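**Student:** upload-v4.txt is reproduced in full below (compact mmCIF, N, CA and C atoms).
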```txt
# COMPACT_ATOMS: atom_id res chain seq x y z
N TYR A 266 17.06 -24.46 25.07
CA TYR A 266 16.42 -24.92 23.85
C TYR A 266 15.47 -23.86 23.31
N PHE A 267 14.64 -23.27 24.17
CA PHE A 267 13.68 -22.26 23.73
C PHE A 267 14.38 -21.07 23.08
N ILE A 268 15.46 -20.61 23.72
CA ILE A 268 16.20 -19.47 23.16
C ILE A 268 16.82 -19.85 21.83
N GLN A 269 17.46 -21.01 21.76
CA GLN A 269 18.08 -21.45 20.51
C GLN A 269 17.03 -21.57 19.41
N SER A 270 15.88 -22.15 19.75
CA SER A 270 14.80 -22.30 18.78
C SER A 270 14.34 -20.95 18.27
N ASN A 271 14.15 -20.00 19.17
CA ASN A 271 13.71 -18.67 18.76
C ASN A 271 14.76 -17.94 17.95
N LEU A 272 16.04 -18.15 18.27
CA LEU A 272 17.10 -17.52 17.48
C LEU A 272 17.10 -18.02 16.05
N SER A 273 16.90 -19.32 15.88
CA SER A 273 16.90 -19.84 14.52
C SER A 273 15.69 -19.32 13.74
N ILE A 274 14.57 -19.18 14.40
CA ILE A 274 13.40 -18.61 13.73
C ILE A 274 13.67 -17.16 13.35
N THR A 275 14.20 -16.41 14.29
CA THR A 275 14.50 -15.01 14.02
C THR A 275 15.49 -14.88 12.87
N ASN A 276 16.53 -15.70 12.90
CA ASN A 276 17.52 -15.64 11.84
C ASN A 276 16.93 -16.03 10.49
N SER A 277 16.03 -17.01 10.46
CA SER A 277 15.43 -17.39 9.18
C SER A 277 14.56 -16.26 8.65
N HIS A 278 13.89 -15.54 9.55
CA HIS A 278 13.07 -14.41 9.10
C HIS A 278 13.94 -13.30 8.56
N VAL A 279 15.05 -13.02 9.21
CA VAL A 279 15.96 -11.98 8.71
C VAL A 279 16.48 -12.38 7.35
N ALA A 280 16.91 -13.63 7.23
CA ALA A 280 17.43 -14.09 5.95
C ALA A 280 16.35 -14.03 4.88
N MET A 281 15.13 -14.44 5.23
CA MET A 281 14.06 -14.47 4.25
C MET A 281 13.65 -13.07 3.83
N SER A 282 13.61 -12.15 4.75
CA SER A 282 13.07 -10.84 4.40
C SER A 282 14.14 -9.83 4.02
N GLY A 283 15.35 -9.97 4.56
CA GLY A 283 16.33 -8.92 4.37
C GLY A 283 17.29 -9.11 3.22
N ASN A 284 17.45 -10.32 2.71
CA ASN A 284 18.47 -10.57 1.71
C ASN A 284 17.92 -11.04 0.38
N ILE A 285 16.75 -10.63 0.04
CA ILE A 285 16.15 -11.03 -1.23
C ILE A 285 16.69 -10.13 -2.33
N ASP A 286 17.24 -10.74 -3.35
CA ASP A 286 17.77 -10.00 -4.50
C ASP A 286 16.65 -9.88 -5.54
N TRP A 287 15.77 -8.92 -5.32
CA TRP A 287 14.58 -8.76 -6.17
C TRP A 287 14.93 -8.52 -7.64
N PRO A 288 15.92 -7.69 -7.97
CA PRO A 288 16.25 -7.50 -9.40
C PRO A 288 16.67 -8.80 -10.08
N THR A 289 17.43 -9.66 -9.39
CA THR A 289 17.85 -10.93 -9.98
C THR A 289 16.65 -11.84 -10.18
N ILE A 290 15.77 -11.91 -9.19
CA ILE A 290 14.58 -12.75 -9.32
C ILE A 290 13.74 -12.29 -10.51
N THR A 291 13.52 -11.00 -10.60
CA THR A 291 12.72 -10.46 -11.70
C THR A 291 13.39 -10.73 -13.05
N ALA A 292 14.70 -10.57 -13.12
CA ALA A 292 15.43 -10.80 -14.37
C ALA A 292 15.37 -12.25 -14.82
N LYS A 293 15.33 -13.18 -13.87
CA LYS A 293 15.31 -14.61 -14.20
C LYS A 293 13.92 -15.13 -14.55
N LEU A 294 12.91 -14.29 -14.42
CA LEU A 294 11.54 -14.67 -14.74
C LEU A 294 11.08 -13.84 -15.94
N PRO A 295 11.34 -14.30 -17.16
CA PRO A 295 11.04 -13.50 -18.36
C PRO A 295 9.54 -13.44 -18.65
N THR A 296 8.92 -12.36 -18.23
CA THR A 296 7.46 -12.24 -18.37
C THR A 296 7.01 -11.18 -19.37
N ALA A 297 7.93 -10.45 -19.94
CA ALA A 297 7.56 -9.38 -20.88
C ALA A 297 6.89 -9.97 -22.11
N ARG A 298 6.10 -9.14 -22.75
CA ARG A 298 5.40 -9.56 -23.98
C ARG A 298 6.19 -9.13 -25.20
N THR A 299 7.43 -9.57 -25.25
CA THR A 299 8.30 -9.28 -26.39
C THR A 299 8.73 -10.59 -27.03
N ASP A 300 9.19 -10.51 -28.28
CA ASP A 300 9.67 -11.71 -28.96
C ASP A 300 10.88 -12.29 -28.23
N GLU A 301 11.76 -11.42 -27.76
CA GLU A 301 12.96 -11.87 -27.05
C GLU A 301 12.59 -12.61 -25.75
N ALA A 302 11.67 -12.05 -24.98
CA ALA A 302 11.24 -12.70 -23.74
C ALA A 302 10.54 -14.01 -24.04
N LYS A 303 9.77 -14.07 -25.11
CA LYS A 303 9.08 -15.31 -25.46
C LYS A 303 10.08 -16.40 -25.82
N GLU A 304 11.12 -16.04 -26.56
CA GLU A 304 12.17 -17.02 -26.88
C GLU A 304 12.89 -17.49 -25.63
N THR A 305 13.13 -16.58 -24.71
CA THR A 305 13.76 -16.95 -23.43
C THR A 305 12.85 -17.88 -22.64
N ARG A 306 11.55 -17.58 -22.65
CA ARG A 306 10.59 -18.45 -21.96
C ARG A 306 10.55 -19.85 -22.58
N LYS A 307 10.63 -19.91 -23.91
CA LYS A 307 10.64 -21.22 -24.58
C LYS A 307 11.85 -22.04 -24.14
N ALA A 308 13.00 -21.42 -24.12
CA ALA A 308 14.21 -22.12 -23.69
C ALA A 308 14.10 -22.53 -22.22
N LEU A 309 13.55 -21.66 -21.40
CA LEU A 309 13.38 -21.95 -19.98
C LEU A 309 12.38 -23.09 -19.78
N PHE A 310 11.28 -23.04 -20.50
CA PHE A 310 10.28 -24.11 -20.42
C PHE A 310 10.91 -25.45 -20.80
N ASN A 311 11.67 -25.46 -21.88
CA ASN A 311 12.32 -26.70 -22.32
C ASN A 311 13.33 -27.21 -21.29
N ALA A 312 14.01 -26.29 -20.62
CA ALA A 312 14.96 -26.69 -19.56
C ALA A 312 14.21 -27.24 -18.35
N PHE A 313 13.02 -26.74 -18.07
CA PHE A 313 12.20 -27.24 -16.97
C PHE A 313 11.58 -28.60 -17.31
N ASP A 314 11.49 -28.93 -18.59
CA ASP A 314 10.79 -30.12 -19.08
C ASP A 314 11.80 -31.18 -19.53
N PRO A 315 12.42 -31.89 -18.58
CA PRO A 315 13.51 -32.79 -18.95
C PRO A 315 13.08 -33.98 -19.82
N ASN A 316 11.83 -34.40 -19.72
CA ASN A 316 11.39 -35.53 -20.55
C ASN A 316 10.82 -35.08 -21.90
N GLY A 317 10.72 -33.77 -22.11
CA GLY A 317 10.31 -33.23 -23.41
C GLY A 317 8.88 -33.53 -23.81
N ASN A 318 7.99 -33.75 -22.85
CA ASN A 318 6.60 -34.07 -23.21
C ASN A 318 5.73 -32.83 -23.40
N GLY A 319 6.29 -31.64 -23.22
CA GLY A 319 5.54 -30.42 -23.50
C GLY A 319 4.63 -29.96 -22.38
N ILE A 320 4.70 -30.60 -21.23
CA ILE A 320 3.93 -30.19 -20.06
C ILE A 320 4.83 -30.25 -18.83
N LEU A 321 4.50 -29.42 -17.83
CA LEU A 321 5.30 -29.38 -16.61
C LEU A 321 4.48 -29.83 -15.42
N SER A 322 5.01 -30.79 -14.70
CA SER A 322 4.41 -31.22 -13.44
C SER A 322 4.93 -30.29 -12.34
N LEU A 323 4.31 -30.37 -11.19
CA LEU A 323 4.77 -29.58 -10.05
C LEU A 323 6.21 -29.95 -9.69
N ALA A 324 6.55 -31.22 -9.74
CA ALA A 324 7.91 -31.66 -9.43
C ALA A 324 8.92 -31.07 -10.42
N GLU A 325 8.56 -31.02 -11.71
CA GLU A 325 9.46 -30.44 -12.71
C GLU A 325 9.64 -28.95 -12.48
N VAL A 326 8.56 -28.26 -12.12
CA VAL A 326 8.64 -26.83 -11.84
C VAL A 326 9.53 -26.59 -10.62
N ASP A 327 9.31 -27.37 -9.59
CA ASP A 327 10.09 -27.24 -8.36
C ASP A 327 11.58 -27.43 -8.65
N ARG A 328 11.90 -28.49 -9.37
CA ARG A 328 13.29 -28.78 -9.72
C ARG A 328 13.86 -27.67 -10.60
N GLY A 329 13.07 -27.17 -11.53
CA GLY A 329 13.52 -26.11 -12.43
C GLY A 329 13.87 -24.82 -11.70
N ILE A 330 13.07 -24.49 -10.71
CA ILE A 330 13.34 -23.27 -9.93
C ILE A 330 14.69 -23.39 -9.23
N ARG A 331 14.97 -24.58 -8.71
CA ARG A 331 16.25 -24.80 -8.01
C ARG A 331 17.41 -24.98 -8.98
N ASP A 332 17.27 -25.90 -9.94
CA ASP A 332 18.40 -26.30 -10.77
C ASP A 332 18.62 -25.42 -12.00
N VAL A 333 17.55 -24.94 -12.60
CA VAL A 333 17.68 -24.14 -13.83
C VAL A 333 17.81 -22.66 -13.49
N LEU A 334 16.90 -22.15 -12.68
CA LEU A 334 16.94 -20.73 -12.33
C LEU A 334 17.95 -20.43 -11.23
N GLY A 335 18.19 -21.38 -10.35
CA GLY A 335 19.12 -21.16 -9.24
C GLY A 335 18.60 -20.14 -8.24
N LEU A 336 17.29 -20.13 -8.03
CA LEU A 336 16.67 -19.19 -7.10
C LEU A 336 16.33 -19.92 -5.80
N ASP A 337 17.32 -20.06 -4.93
CA ASP A 337 17.14 -20.82 -3.70
C ASP A 337 16.06 -20.23 -2.80
N ALA A 338 16.00 -18.91 -2.69
CA ALA A 338 14.99 -18.29 -1.83
C ALA A 338 13.59 -18.60 -2.34
N VAL A 339 13.40 -18.59 -3.64
CA VAL A 339 12.10 -18.93 -4.22
C VAL A 339 11.84 -20.43 -4.04
N PHE A 340 12.85 -21.25 -4.26
CA PHE A 340 12.71 -22.70 -4.10
C PHE A 340 12.26 -23.07 -2.68
N ASP A 341 12.74 -22.32 -1.69
CA ASP A 341 12.37 -22.59 -0.30
C ASP A 341 10.96 -22.11 0.05
N ALA A 342 10.34 -21.34 -0.81
CA ALA A 342 8.99 -20.81 -0.56
C ALA A 342 7.95 -21.73 -1.22
N LYS A 343 7.83 -22.94 -0.70
CA LYS A 343 6.93 -23.94 -1.29
C LYS A 343 5.49 -23.46 -1.42
N PRO A 344 4.93 -22.76 -0.43
CA PRO A 344 3.55 -22.29 -0.61
C PRO A 344 3.40 -21.36 -1.83
N ALA A 345 4.39 -20.53 -2.08
CA ALA A 345 4.32 -19.63 -3.24
C ALA A 345 4.38 -20.42 -4.54
N ILE A 346 5.24 -21.42 -4.60
CA ILE A 346 5.35 -22.25 -5.80
C ILE A 346 4.03 -22.98 -6.04
N MET A 347 3.48 -23.55 -4.99
CA MET A 347 2.23 -24.32 -5.12
C MET A 347 1.08 -23.43 -5.60
N ARG A 348 0.95 -22.24 -5.02
CA ARG A 348 -0.14 -21.34 -5.44
C ARG A 348 0.03 -20.90 -6.89
N ALA A 349 1.25 -20.56 -7.26
CA ALA A 349 1.50 -20.14 -8.65
C ALA A 349 1.21 -21.28 -9.62
N TYR A 350 1.61 -22.48 -9.25
CA TYR A 350 1.37 -23.64 -10.10
C TYR A 350 -0.13 -23.89 -10.25
N GLN A 351 -0.85 -23.87 -9.14
CA GLN A 351 -2.29 -24.13 -9.17
C GLN A 351 -3.03 -23.11 -10.05
N ILE A 352 -2.68 -21.86 -9.89
CA ILE A 352 -3.40 -20.84 -10.66
C ILE A 352 -3.02 -20.89 -12.14
N ALA A 353 -1.76 -21.21 -12.44
CA ALA A 353 -1.33 -21.25 -13.84
C ALA A 353 -1.90 -22.45 -14.58
N LYS A 354 -1.92 -23.61 -13.94
CA LYS A 354 -2.41 -24.81 -14.63
C LYS A 354 -3.91 -24.72 -14.93
N ASN A 355 -4.60 -23.87 -14.19
CA ASN A 355 -6.03 -23.69 -14.42
C ASN A 355 -6.35 -22.43 -15.20
N ALA A 356 -5.32 -21.78 -15.72
CA ALA A 356 -5.52 -20.50 -16.42
C ALA A 356 -6.24 -20.68 -17.75
N THR A 357 -5.98 -21.79 -18.43
CA THR A 357 -6.62 -22.04 -19.72
C THR A 357 -7.09 -23.48 -19.78
N GLN A 358 -8.00 -23.74 -20.67
CA GLN A 358 -8.47 -25.10 -20.90
C GLN A 358 -7.38 -25.86 -21.64
N SER A 359 -7.03 -27.03 -21.15
CA SER A 359 -5.97 -27.83 -21.76
C SER A 359 -6.39 -28.33 -23.14
N ARG A 360 -5.43 -28.36 -24.04
CA ARG A 360 -5.65 -28.92 -25.37
C ARG A 360 -5.15 -30.36 -25.44
N ARG A 361 -4.63 -30.84 -24.34
CA ARG A 361 -4.04 -32.18 -24.30
C ARG A 361 -4.97 -33.16 -23.59
N SER A 362 -4.72 -34.42 -23.84
CA SER A 362 -5.54 -35.46 -23.23
C SER A 362 -5.25 -35.64 -21.74
N VAL A 363 -4.13 -35.10 -21.24
CA VAL A 363 -3.79 -35.26 -19.82
C VAL A 363 -4.62 -34.37 -18.92
N GLY A 364 -5.35 -33.45 -19.52
CA GLY A 364 -6.22 -32.57 -18.73
C GLY A 364 -5.50 -31.35 -18.20
N ASP A 365 -6.09 -30.77 -17.18
CA ASP A 365 -5.60 -29.50 -16.65
C ASP A 365 -4.71 -29.67 -15.42
N ASP A 366 -4.03 -30.80 -15.31
CA ASP A 366 -3.19 -31.04 -14.14
C ASP A 366 -1.75 -30.59 -14.33
N TYR A 367 -1.41 -30.08 -15.49
CA TYR A 367 -0.04 -29.69 -15.80
C TYR A 367 -0.01 -28.30 -16.42
N ILE A 368 1.17 -27.70 -16.44
CA ILE A 368 1.34 -26.40 -17.08
C ILE A 368 1.85 -26.63 -18.49
N GLU A 369 1.16 -26.04 -19.45
CA GLU A 369 1.60 -26.07 -20.85
C GLU A 369 2.36 -24.78 -21.14
N PHE A 370 3.04 -24.73 -22.27
CA PHE A 370 3.84 -23.54 -22.57
C PHE A 370 2.98 -22.28 -22.58
N ARG A 371 1.77 -22.37 -23.11
CA ARG A 371 0.94 -21.16 -23.19
C ARG A 371 0.52 -20.65 -21.81
N GLU A 372 0.70 -21.44 -20.76
CA GLU A 372 0.41 -21.03 -19.39
C GLU A 372 1.67 -20.63 -18.63
N PHE A 373 2.82 -20.85 -19.23
CA PHE A 373 4.09 -20.68 -18.53
C PHE A 373 4.37 -19.22 -18.17
N ARG A 374 4.06 -18.29 -19.05
CA ARG A 374 4.25 -16.87 -18.72
C ARG A 374 3.40 -16.49 -17.51
N PHE A 375 2.17 -16.97 -17.49
CA PHE A 375 1.29 -16.70 -16.37
C PHE A 375 1.86 -17.30 -15.09
N PHE A 376 2.44 -18.51 -15.19
CA PHE A 376 3.08 -19.12 -14.03
C PHE A 376 4.21 -18.24 -13.50
N LEU A 377 5.06 -17.74 -14.39
CA LEU A 377 6.19 -16.91 -13.95
C LEU A 377 5.71 -15.62 -13.29
N LEU A 378 4.68 -15.01 -13.85
CA LEU A 378 4.10 -13.81 -13.24
C LEU A 378 3.54 -14.12 -11.85
N ALA A 379 2.79 -15.22 -11.76
CA ALA A 379 2.19 -15.60 -10.48
C ALA A 379 3.26 -15.98 -9.47
N LEU A 380 4.30 -16.65 -9.92
CA LEU A 380 5.38 -17.04 -9.01
C LEU A 380 6.03 -15.82 -8.39
N ARG A 381 6.32 -14.82 -9.19
CA ARG A 381 6.93 -13.59 -8.66
C ARG A 381 5.99 -12.92 -7.65
N GLN A 382 4.72 -12.86 -7.98
CA GLN A 382 3.75 -12.20 -7.12
C GLN A 382 3.54 -12.98 -5.81
N PHE A 383 3.34 -14.29 -5.92
CA PHE A 383 3.12 -15.09 -4.71
C PHE A 383 4.38 -15.16 -3.85
N PHE A 384 5.55 -15.11 -4.46
CA PHE A 384 6.78 -15.08 -3.67
C PHE A 384 6.86 -13.78 -2.88
N GLU A 385 6.46 -12.68 -3.50
CA GLU A 385 6.44 -11.40 -2.78
C GLU A 385 5.47 -11.46 -1.61
N TYR A 386 4.30 -12.05 -1.82
CA TYR A 386 3.34 -12.22 -0.72
C TYR A 386 3.95 -13.08 0.39
N TRP A 387 4.65 -14.16 0.01
CA TRP A 387 5.24 -15.07 0.99
C TRP A 387 6.28 -14.35 1.85
N VAL A 388 7.12 -13.54 1.21
CA VAL A 388 8.14 -12.80 1.95
C VAL A 388 7.47 -11.83 2.93
N ALA A 389 6.44 -11.14 2.48
CA ALA A 389 5.72 -10.22 3.37
C ALA A 389 5.08 -10.99 4.52
N PHE A 390 4.48 -12.12 4.22
CA PHE A 390 3.85 -12.95 5.26
C PHE A 390 4.90 -13.40 6.27
N GLN A 391 6.06 -13.84 5.80
CA GLN A 391 7.12 -14.30 6.69
C GLN A 391 7.62 -13.19 7.61
N ARG A 392 7.61 -11.97 7.11
CA ARG A 392 8.03 -10.84 7.94
C ARG A 392 7.08 -10.63 9.12
N ILE A 393 5.82 -10.89 8.90
CA ILE A 393 4.81 -10.67 9.93
C ILE A 393 4.69 -11.88 10.87
N ASP A 394 4.81 -13.07 10.34
CA ASP A 394 4.64 -14.30 11.12
C ASP A 394 5.88 -14.56 11.97
N SER A 395 6.01 -13.82 13.04
CA SER A 395 7.25 -13.83 13.83
C SER A 395 7.47 -15.14 14.59
N ASP A 396 6.43 -15.92 14.87
CA ASP A 396 6.64 -17.18 15.58
C ASP A 396 6.69 -18.38 14.63
N ASP A 397 6.66 -18.12 13.35
CA ASP A 397 6.85 -19.14 12.31
C ASP A 397 5.84 -20.28 12.39
N ASP A 398 4.59 -19.96 12.77
CA ASP A 398 3.56 -21.01 12.84
C ASP A 398 2.66 -21.01 11.61
N ARG A 399 3.02 -20.21 10.61
CA ARG A 399 2.26 -20.09 9.36
C ARG A 399 0.85 -19.57 9.57
N ARG A 400 0.69 -18.81 10.64
CA ARG A 400 -0.55 -18.10 10.93
C ARG A 400 -0.16 -16.72 11.43
N ILE A 401 -1.02 -15.75 11.21
CA ILE A 401 -0.76 -14.41 11.72
C ILE A 401 -1.75 -14.13 12.83
N SER A 402 -1.23 -13.98 14.03
CA SER A 402 -2.08 -13.67 15.18
C SER A 402 -2.41 -12.18 15.16
N ILE A 403 -3.34 -11.78 15.98
CA ILE A 403 -3.69 -10.37 16.07
C ILE A 403 -2.49 -9.56 16.55
N GLU A 404 -1.70 -10.13 17.46
CA GLU A 404 -0.52 -9.44 17.95
C GLU A 404 0.50 -9.23 16.83
N GLU A 405 0.71 -10.27 16.04
CA GLU A 405 1.64 -10.13 14.91
C GLU A 405 1.12 -9.11 13.90
N PHE A 406 -0.17 -9.16 13.64
CA PHE A 406 -0.77 -8.22 12.70
C PHE A 406 -0.62 -6.79 13.18
N MET A 407 -0.88 -6.58 14.46
CA MET A 407 -0.81 -5.23 15.03
C MET A 407 0.64 -4.73 15.07
N SER A 408 1.60 -5.63 15.16
CA SER A 408 3.00 -5.21 15.22
C SER A 408 3.51 -4.69 13.88
N VAL A 409 2.78 -4.89 12.82
CA VAL A 409 3.20 -4.44 11.50
C VAL A 409 3.35 -2.91 11.46
N GLY A 410 2.52 -2.21 12.20
CA GLY A 410 2.63 -0.76 12.25
C GLY A 410 3.97 -0.30 12.80
N ALA A 411 4.61 -1.15 13.58
CA ALA A 411 5.91 -0.80 14.16
C ALA A 411 7.06 -1.07 13.20
N MET A 412 6.83 -1.79 12.11
CA MET A 412 7.92 -2.13 11.17
C MET A 412 8.32 -0.95 10.35
```
Please re-express this file's structure in structure tokens.
**Tutor:**
Amino acid sequence: YFIQSNLSITNSHVAMSGNIDWPTITAKLPTARTDEAKETRKALFNAFDPNGNGILSLAEVDRGIRDVLGLDAVFDAKPAIMRAYQIAKNATQSRRSVGDDYIEFREFRFFLLALRQFFEYWVAFQRIDSDDDRRISIEEFMSVGAM
């Protein structure tokens, strides 16, 4: 059991760190400050917002990453999604009566930027966290020099 358990952890780390298609992830997150990217973001935001209320909940964002973007590796990185969502929803003062608990379109670009950045952090963290306990021990930290 111990060996099998460790093999699955090792394999998940290899899959998480070794097979990330960074160009595809970057291409699917339109963050440029161009008219074309803004139009793409509008369409993407609308696809993420199935009820059309103009705001995105965490559940809608999560579903959108999986179903609209088709980024399974990002979808599996829940801590990265949560951090990006938290920072984006608090990026500006809400103009809506629902408050600052949701992402509005004007915060969506910031969310996409943060998602890409936090996902990169998550992948790096996963490479170091060899025992998959979501903590980095001194031994794991020191082993980074060997990578």
**Student:** So which residues of chain A fall under strand (DSSP E) by DSSP, listed as a VMD selection string?
**Tutor:** chain A and resid 320 to 321 368 to 369
**Student:** Okay, now the selection with N, CA and C atoms, as a PDB file, in the coordinates of the input?
**Tutor:**
```
ATOM      1  N   ILE A 320       4.700 -30.600 -21.230  1.00  0.00           N
ATOM      2  CA  ILE A 320       3.930 -30.190 -20.060  1.00  0.00           C
ATOM      3  C   ILE A 320       4.830 -30.250 -18.830  1.00  0.00           C
ATOM      4  N   LEU A 321       4.500 -29.420 -17.830  1.00  0.00           N
ATOM      5  CA  LEU A 321       5.300 -29.380 -16.610  1.00  0.00           C
ATOM      6  C   LEU A 321       4.480 -29.830 -15.420  1.00  0.00           C
ATOM      7  N   ILE A 368       1.170 -27.700 -16.440  1.00  0.00           N
ATOM      8  CA  ILE A 368       1.340 -26.400 -17.080  1.00  0.00           C
ATOM      9  C   ILE A 368       1.850 -26.630 -18.490  1.00  0.00           C
ATOM     10  N   GLU A 369       1.160 -26.040 -19.450  1.00  0.00           N
ATOM     11  CA  GLU A 369       1.600 -26.070 -20.850  1.00  0.00           C
ATOM     12  C   GLU A 369       2.360 -24.780 -21.140  1.00  0.00           C
TER      13      GLU A 369
END
```
**Student:** Taking only C-alpha atoms into account, which of A:Ile290, A:Ile352, A:Val409, A:Ala312 comes nearest Phe376 (chain A)?
**Tutor:** A:Ile352
**Student:** Would you mind telling me which residue in A:Leu334, A:Gly319, A:Gln382, A:Arg374 lies nearest to Ala297 (chain A) when using all atoms listed in the file?
**Tutor:**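 Looking only at the distances to Ala297 (chain A), the closest residue turns out to be A:Arg374.
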**Student:** Atom C of Leu336 (chain A) and atom N of Ala308 (chain A), how far apart in Å?
**Tutor:**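 Atom-to-atom, atom N of Ala308 (chain A) to atom C of Leu336 (chain A), that is 18.7 Å.
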**Student:** To one decimal place, how far is atom N of Pro295 (chain A) from atom N of Tyr367 (chain A) in Å?
**Tutor:**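 Atom N of Tyr367 (chain A) lies at a distance of 20.4 Å from atom N of Pro295 (chain A).
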**Student:** Using only C-alpha atoms, which of A:Ile285, A:Leu323, A:Leu377, A:Ala302 sits nearest Gln351 (chain A)?
**Tutor:** A:Leu323
**Student:** Quick one: pull the distance between atom N of Leu309 (chain A) and atom C of Lys293 (chain A), Å, one decimal.
**Tutor:**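 Value for the atom N of Leu309 (chain A)-atom C of Lys293 (chain A) distance: 9.5 Å.
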